[in-house]
>>> print(open('query.cif').read())   # mmCIF, C-alpha atoms
data_coords
loop_
_atom_site.group_PDB
_atom_site.id
_atom_site.type_symbol
_atom_site.label_atom_id
_atom_site.label_comp_id
_atom_site.auth_asym_id
_atom_site.auth_seq_id
_atom_site.Cartn_x
_atom_site.Cartn_y
_atom_site.Cartn_z
ATOM 1 C CA MET A 1022 140.972 -26.699 -175.238
ATOM 2 C CA THR A 1023 137.828 -26.416 -173.101
ATOM 3 C CA GLU A 1024 135.232 -29.143 -172.810
ATOM 4 C CA ARG A 1025 132.840 -27.015 -174.867
ATOM 5 C CA ASP A 1026 135.391 -26.601 -177.687
ATOM 6 C CA TYR A 1027 136.105 -30.322 -177.611
ATOM 7 C CA ALA A 1028 132.371 -31.124 -177.789
ATOM 8 C CA ILE A 1029 131.819 -28.729 -180.716
ATOM 9 C CA ARG A 1030 134.846 -30.084 -182.591
ATOM 10 C CA SER A 1031 133.739 -33.670 -181.959
ATOM 11 C CA PHE A 1032 130.191 -32.950 -183.108
ATOM 12 C CA LYS A 1033 131.518 -31.417 -186.342
ATOM 13 C CA GLU A 1034 133.666 -34.501 -186.898
ATOM 14 C CA ILE A 1035 130.742 -36.850 -186.230
ATOM 15 C CA THR A 1036 128.551 -34.858 -188.617
ATOM 16 C CA LEU A 1037 131.234 -34.938 -191.324
ATOM 17 C CA ASN A 1038 131.762 -38.687 -190.887
ATOM 18 C CA ALA A 1039 127.997 -39.318 -191.010
ATOM 19 C CA ALA A 1040 127.728 -37.309 -194.240
ATOM 20 C CA ARG A 1041 130.655 -39.230 -195.749
ATOM 21 C CA HIS A 1042 129.063 -42.529 -194.672
ATOM 22 C CA THR A 1043 125.702 -41.492 -196.150
ATOM 23 C CA GLU A 1044 127.330 -40.520 -199.476
ATOM 24 C CA GLU A 1045 129.098 -43.890 -199.659
ATOM 25 C CA ARG A 1046 125.820 -45.720 -198.941
ATOM 26 C CA MET A 1047 124.008 -43.647 -201.564
ATOM 27 C CA ASP A 1048 126.647 -44.541 -204.153
ATOM 28 C CA LEU A 1049 126.307 -48.216 -203.251
ATOM 29 C CA TYR A 1050 122.506 -48.183 -203.439
ATOM 30 C CA TYR A 1051 122.383 -46.125 -206.644
ATOM 31 C CA GLU A 1052 123.293 -49.070 -208.885
ATOM 32 C CA LYS A 1053 120.877 -51.407 -207.102
ATOM 33 C CA MET A 1054 118.036 -48.899 -207.303
ATOM 34 C CA LYS A 1055 118.750 -48.116 -210.941
ATOM 35 C CA ALA A 1056 118.535 -51.824 -211.820
ATOM 36 C CA LEU A 1057 115.343 -52.274 -209.787
ATOM 37 C CA MET A 1058 113.582 -49.275 -211.289
ATOM 38 C CA ASN A 1059 114.646 -50.141 -214.833
ATOM 39 C CA ASN A 1060 112.745 -53.418 -214.410
ATOM 40 C CA TYR A 1061 109.927 -52.008 -212.289
ATOM 41 C CA GLN A 1062 107.808 -50.595 -215.085
ATOM 42 C CA ASP A 1063 108.188 -53.755 -217.194
ATOM 43 C CA LEU A 1064 107.069 -55.835 -214.217
ATOM 44 C CA ILE A 1065 103.974 -53.717 -213.686
ATOM 45 C CA LEU A 1066 103.032 -53.731 -217.364
ATOM 46 C CA GLU A 1067 103.609 -57.487 -217.661
ATOM 47 C CA ASN A 1068 101.417 -58.208 -214.669
ATOM 48 C CA GLN A 1069 98.701 -55.949 -215.979
ATOM 49 C CA MET A 1070 98.661 -58.230 -219.032
ATOM 50 C CA VAL A 1071 98.336 -61.279 -216.741
ATOM 51 C CA LEU A 1072 95.405 -59.635 -214.948
ATOM 52 C CA ASP A 1073 93.785 -58.873 -218.281
ATOM 53 C CA GLU A 1074 94.252 -62.523 -219.376
ATOM 54 C CA LEU A 1075 92.695 -63.808 -216.143
ATOM 55 C CA GLU A 1076 89.813 -61.389 -216.556
ATOM 56 C CA GLN A 1077 89.306 -62.629 -220.118
ATOM 57 C CA GLU A 1078 89.419 -66.266 -218.952
ATOM 58 C CA CYS A 1079 86.713 -65.512 -216.387
ATOM 59 C CA GLN A 1080 84.565 -63.873 -219.048
ATOM 60 C CA GLU A 1081 84.977 -66.827 -221.418
ATOM 61 C CA LYS A 1082 84.456 -69.623 -218.864
ATOM 62 C CA ILE A 1083 81.749 -68.206 -216.630
ATOM 63 C CA ASN A 1084 80.591 -65.066 -218.395
ATOM 64 C CA GLU A 1085 81.403 -62.940 -215.324
ATOM 65 C CA ASN A 1086 84.275 -60.714 -214.207
ATOM 66 C CA MET A 1087 87.216 -61.949 -212.122
ATOM 67 C CA ALA A 1088 86.053 -60.240 -208.923
ATOM 68 C CA TYR A 1089 82.771 -62.121 -209.132
ATOM 69 C CA ALA A 1090 84.605 -65.379 -209.838
ATOM 70 C CA LEU A 1091 86.914 -64.935 -206.866
ATOM 71 C CA GLN A 1092 84.007 -64.146 -204.567
ATOM 72 C CA TYR A 1093 81.949 -67.165 -205.620
ATOM 73 C CA MET A 1094 84.599 -69.652 -206.765
ATOM 74 C CA ASP A 1095 82.881 -72.737 -205.323
ATOM 75 C CA ALA A 1096 79.728 -72.073 -207.297
ATOM 76 C CA TYR A 1097 81.484 -72.634 -210.604
ATOM 77 C CA ASP A 1098 82.520 -76.296 -210.272
ATOM 78 C CA TYR A 1099 86.173 -75.382 -210.675
ATOM 79 C CA ARG A 1100 85.788 -74.722 -214.383
ATOM 80 C CA MET A 1101 88.680 -72.290 -214.151
ATOM 81 C CA ASN A 1102 92.329 -73.237 -213.831
ATOM 82 C CA LEU A 1103 92.500 -72.685 -210.066
ATOM 83 C CA GLY A 1104 96.208 -73.511 -209.792
ATOM 84 C CA LYS A 1105 97.068 -70.848 -212.325
ATOM 85 C CA LEU A 1106 94.685 -68.382 -210.705
ATOM 86 C CA LYS A 1107 96.131 -68.907 -207.201
ATOM 87 C CA LYS A 1108 99.687 -68.589 -208.505
ATOM 88 C CA GLU A 1109 98.919 -65.381 -210.379
ATOM 89 C CA VAL A 1110 96.996 -63.850 -207.475
ATOM 90 C CA ASN A 1111 99.935 -64.630 -205.153
ATOM 91 C CA ASN A 1112 102.302 -63.014 -207.668
ATOM 92 C CA ILE A 1113 100.061 -59.976 -207.835
ATOM 93 C CA ILE A 1114 100.067 -59.685 -204.039
ATOM 94 C CA LEU A 1115 103.888 -59.808 -204.012
ATOM 95 C CA ILE A 1116 104.056 -57.213 -206.766
ATOM 96 C CA TYR A 1117 101.614 -55.048 -204.850
ATOM 97 C CA GLY A 1118 103.993 -55.249 -201.892
ATOM 98 C CA LEU A 1119 106.903 -54.142 -204.079
ATOM 99 C CA CYS A 1120 104.799 -51.313 -205.526
ATOM 100 C CA ASP A 1121 103.913 -50.194 -202.024
ATOM 101 C CA MET A 1122 107.592 -50.191 -201.032
ATOM 102 C CA VAL A 1123 108.588 -48.229 -204.147
ATOM 103 C CA ASN A 1124 105.799 -45.747 -203.457
ATOM 104 C CA ARG A 1125 107.011 -45.294 -199.880
ATOM 105 C CA ALA A 1126 110.583 -44.643 -201.067
ATOM 106 C CA MET A 1127 109.335 -42.133 -203.652
ATOM 107 C CA THR A 1128 107.291 -40.407 -200.939
ATOM 108 C CA LEU A 1129 110.432 -40.099 -198.808
ATOM 109 C CA VAL A 1130 112.297 -38.629 -201.793
ATOM 110 C CA LYS A 1131 109.510 -36.115 -202.343
ATOM 111 C CA TYR A 1132 109.235 -34.928 -198.750
ATOM 112 C CA PHE A 1133 112.694 -35.470 -197.246
ATOM 113 C CA THR A 1134 115.144 -34.629 -200.019
ATOM 114 C CA PRO A 1135 116.399 -31.129 -199.275
ATOM 115 C CA ASN A 1136 115.039 -28.367 -201.561
ATOM 116 C CA VAL A 1137 114.391 -30.459 -204.700
ATOM 117 C CA GLY A 1138 112.290 -33.399 -203.497
ATOM 118 C CA SER A 1139 109.291 -32.609 -205.687
ATOM 119 C CA GLU A 1140 111.471 -32.264 -208.788
ATOM 120 C CA TYR A 1141 113.194 -35.571 -208.047
ATOM 121 C CA TYR A 1142 109.816 -37.211 -207.497
ATOM 122 C CA ASP A 1143 108.571 -35.908 -210.868
ATOM 123 C CA VAL A 1144 111.677 -37.256 -212.625
ATOM 124 C CA LEU A 1145 111.318 -40.677 -210.988
ATOM 125 C CA TYR A 1146 107.608 -40.824 -211.739
ATOM 126 C CA GLY A 1147 108.152 -39.821 -215.363
ATOM 127 C CA CYS A 1148 110.916 -42.359 -215.894
ATOM 128 C CA PHE A 1149 109.574 -45.380 -214.060
ATOM 129 C CA CYS A 1150 105.931 -45.166 -213.006
ATOM 130 C CA ARG A 1151 103.948 -44.370 -216.127
ATOM 131 C CA HIS A 1152 101.453 -46.753 -217.678
ATOM 132 C CA ARG A 1153 103.432 -46.546 -220.876
ATOM 133 C CA LYS A 1154 107.138 -46.204 -221.447
ATOM 134 C CA MET A 1155 108.334 -42.761 -222.418
ATOM 135 C CA THR A 1156 111.715 -41.825 -223.815
ATOM 136 C CA ASP A 1157 114.030 -39.657 -221.757
ATOM 137 C CA MET A 1158 113.586 -36.921 -224.370
ATOM 138 C CA GLU A 1159 109.796 -36.954 -223.936
ATOM 139 C CA ILE A 1160 110.184 -36.714 -220.164
ATOM 140 C CA MET A 1161 112.742 -33.880 -220.470
ATOM 141 C CA LEU A 1162 110.360 -31.918 -222.679
ATOM 142 C CA GLU A 1163 107.418 -32.571 -220.375
ATOM 143 C CA LEU A 1164 109.374 -31.411 -217.324
ATOM 144 C CA GLY A 1165 111.037 -28.526 -219.179
ATOM 145 C CA MET A 1166 114.584 -29.601 -218.351
ATOM 146 C CA SER A 1167 117.795 -29.513 -220.299
ATOM 147 C CA ARG A 1168 119.487 -32.815 -221.062
ATOM 148 C CA ALA A 1169 122.306 -32.239 -218.562
ATOM 149 C CA SER A 1170 119.917 -31.114 -215.831
ATOM 150 C CA PHE A 1171 117.591 -34.071 -216.428
ATOM 151 C CA TYR A 1172 120.326 -36.716 -216.194
ATOM 152 C CA ARG A 1173 121.904 -35.037 -213.176
ATOM 153 C CA LYS A 1174 118.546 -34.960 -211.389
ATOM 154 C CA LYS A 1175 117.690 -38.508 -212.435
ATOM 155 C CA LYS A 1176 120.938 -39.827 -210.957
ATOM 156 C CA ALA A 1177 120.555 -37.798 -207.767
ATOM 157 C CA ALA A 1178 116.922 -38.901 -207.406
ATOM 158 C CA LEU A 1179 117.889 -42.563 -207.787
ATOM 159 C CA ARG A 1180 120.680 -42.117 -205.207
ATOM 160 C CA TYR A 1181 118.270 -40.671 -202.647
ATOM 161 C CA MET A 1182 115.592 -43.211 -203.479
ATOM 162 C CA GLY A 1183 118.077 -46.074 -203.136
ATOM 163 C CA TYR A 1184 119.195 -44.782 -199.771
ATOM 164 C CA TYR A 1185 115.649 -44.358 -198.472
ATOM 165 C CA PHE A 1186 114.531 -47.682 -199.964
ATOM 166 C CA PHE A 1187 117.346 -49.810 -198.542
ATOM 167 C CA GLU A 1188 117.920 -47.925 -195.278
ATOM 168 C CA ILE A 1189 114.321 -47.199 -194.261
ATOM 169 C CA VAL A 1190 111.650 -48.968 -196.315
ATOM 170 C CA VAL A 1191 113.219 -52.437 -196.551
ATOM 171 C CA PRO A 1192 114.088 -52.633 -192.823
ATOM 172 C CA GLN A 1193 110.565 -51.482 -191.929
ATOM 173 C CA SER A 1194 109.131 -54.170 -194.204
ATOM 174 C CA ALA A 1195 111.415 -56.849 -192.804
ATOM 175 C CA ASN A 1196 110.457 -55.894 -189.256
ATOM 176 C CA LYS A 1197 106.781 -55.529 -190.206
ATOM 177 C CA ARG A 1198 106.721 -52.048 -188.719
ATOM 178 C CA TYR A 1199 104.097 -50.880 -191.153
ATOM 179 C CA LYS A 1200 101.060 -52.277 -192.881
ATOM 180 C CA PRO A 1201 100.703 -52.104 -196.660
ATOM 181 C CA SER A 1202 98.962 -48.979 -197.858
ATOM 182 C CA PHE A 1203 95.657 -50.526 -198.781
ATOM 183 C CA PRO A 1204 93.074 -47.868 -199.512
ATOM 184 C CA GLU A 1205 91.117 -47.034 -196.409
ATOM 185 C CA THR A 1206 87.397 -47.582 -196.639
ATOM 186 C CA GLU A 1207 84.893 -45.451 -194.860
ATOM 187 C CA GLU A 1208 82.330 -47.324 -192.865
#
>>> encode(input="query.cif", output="structure tokens")
Amino acid sequence: MTERDYAIRSFKEITLNAARHTEERMDLYYEKMKALMNNYQDLILENQMVLDELEQECQEKINENMAYALQYMDAYDYRMNLGKLKKEVNNIILIYGLCDMVNRAMTLVKYFTPNVGSEYYDVLYGCFCRHRKMTDMEIMLELGMSRASFYRKKKAALRYMGYYFFEIVVPQSANKRYKPSFPETEE
């Protein structure tokens, strides 16, 4: 066997082992991602209710909106429950961080999943990112998919998303290698 043949054979073996390793990781992350995304929409909807309650409290106590209250808090003699407000705003910031991470993972699914990234993105968005919960049947009809195709794509999309989330997005977040995706303002 020549050096070239050995190198080609070794590269094939490395590639096969990497694919096997990736498949095992995807299987591992699938369950974690499925659990996270099943709770994701509830978390967002619940915190929207908290924001609405805080907004209502601002209207009742100071007859202004929450943004105004936050900007000029000292002017209102602390008539609001500041402890509750700080706690909820901190929670909202954490949830925003999670939303940003989920969005990054979905973006990776859309652009880096071979051949079907956009379809997988649409399935994930339909199942987990709507402002109201939809049944799987409603999503299948909207996307024009058969039941078998929908569930197959949903599972595959969650596998890819789990892999991207836990292998790329979480390590980047832990190492602070990116800033949250706050909307850019033009000056």
>>> closest_residue(input="query.cif", among="A:Tyr1117, A:Phe1187, A:Tyr1132, A:Tyr1172", to="Leu1064 in chain A", atoms="only C-alpha atoms")
A:Tyr1117
>>> atom_distance(input="query.cif", atom1="CA of Arg1025 in chain A", atom2="CA of Arg1041 in chain A")
24.3 Å
>>> residues_near_point(input="query.cif", point="(124.5, -49.5, -203.6)", cutoff="12 Å", atoms="only C-alpha atoms", output="MDAnalysis selection string")
chainID A and resid 1043:1057 1179:1188
>>> resolve_selection(input="query.cif", expression="the PyMOL selection byres ((chain A and resi 1122) around 12)", output="PyMOL selection string")
chain A and resi 1057-1058+1061+1115-1121+1123-1129+1182-1183+1185-1187+1189-1195+1199-1202
>>> atom_distance(input="query.cif", atom1="CA of Pro1135 in chain A", atom2="CA of Gly1147 in chain A")
20.1 Å
>>> atom_distance(input="query.cif", atom1="CA of Ala1178 in chain A", atom2="CA of Tyr1141 in chain A")
5.0 Å
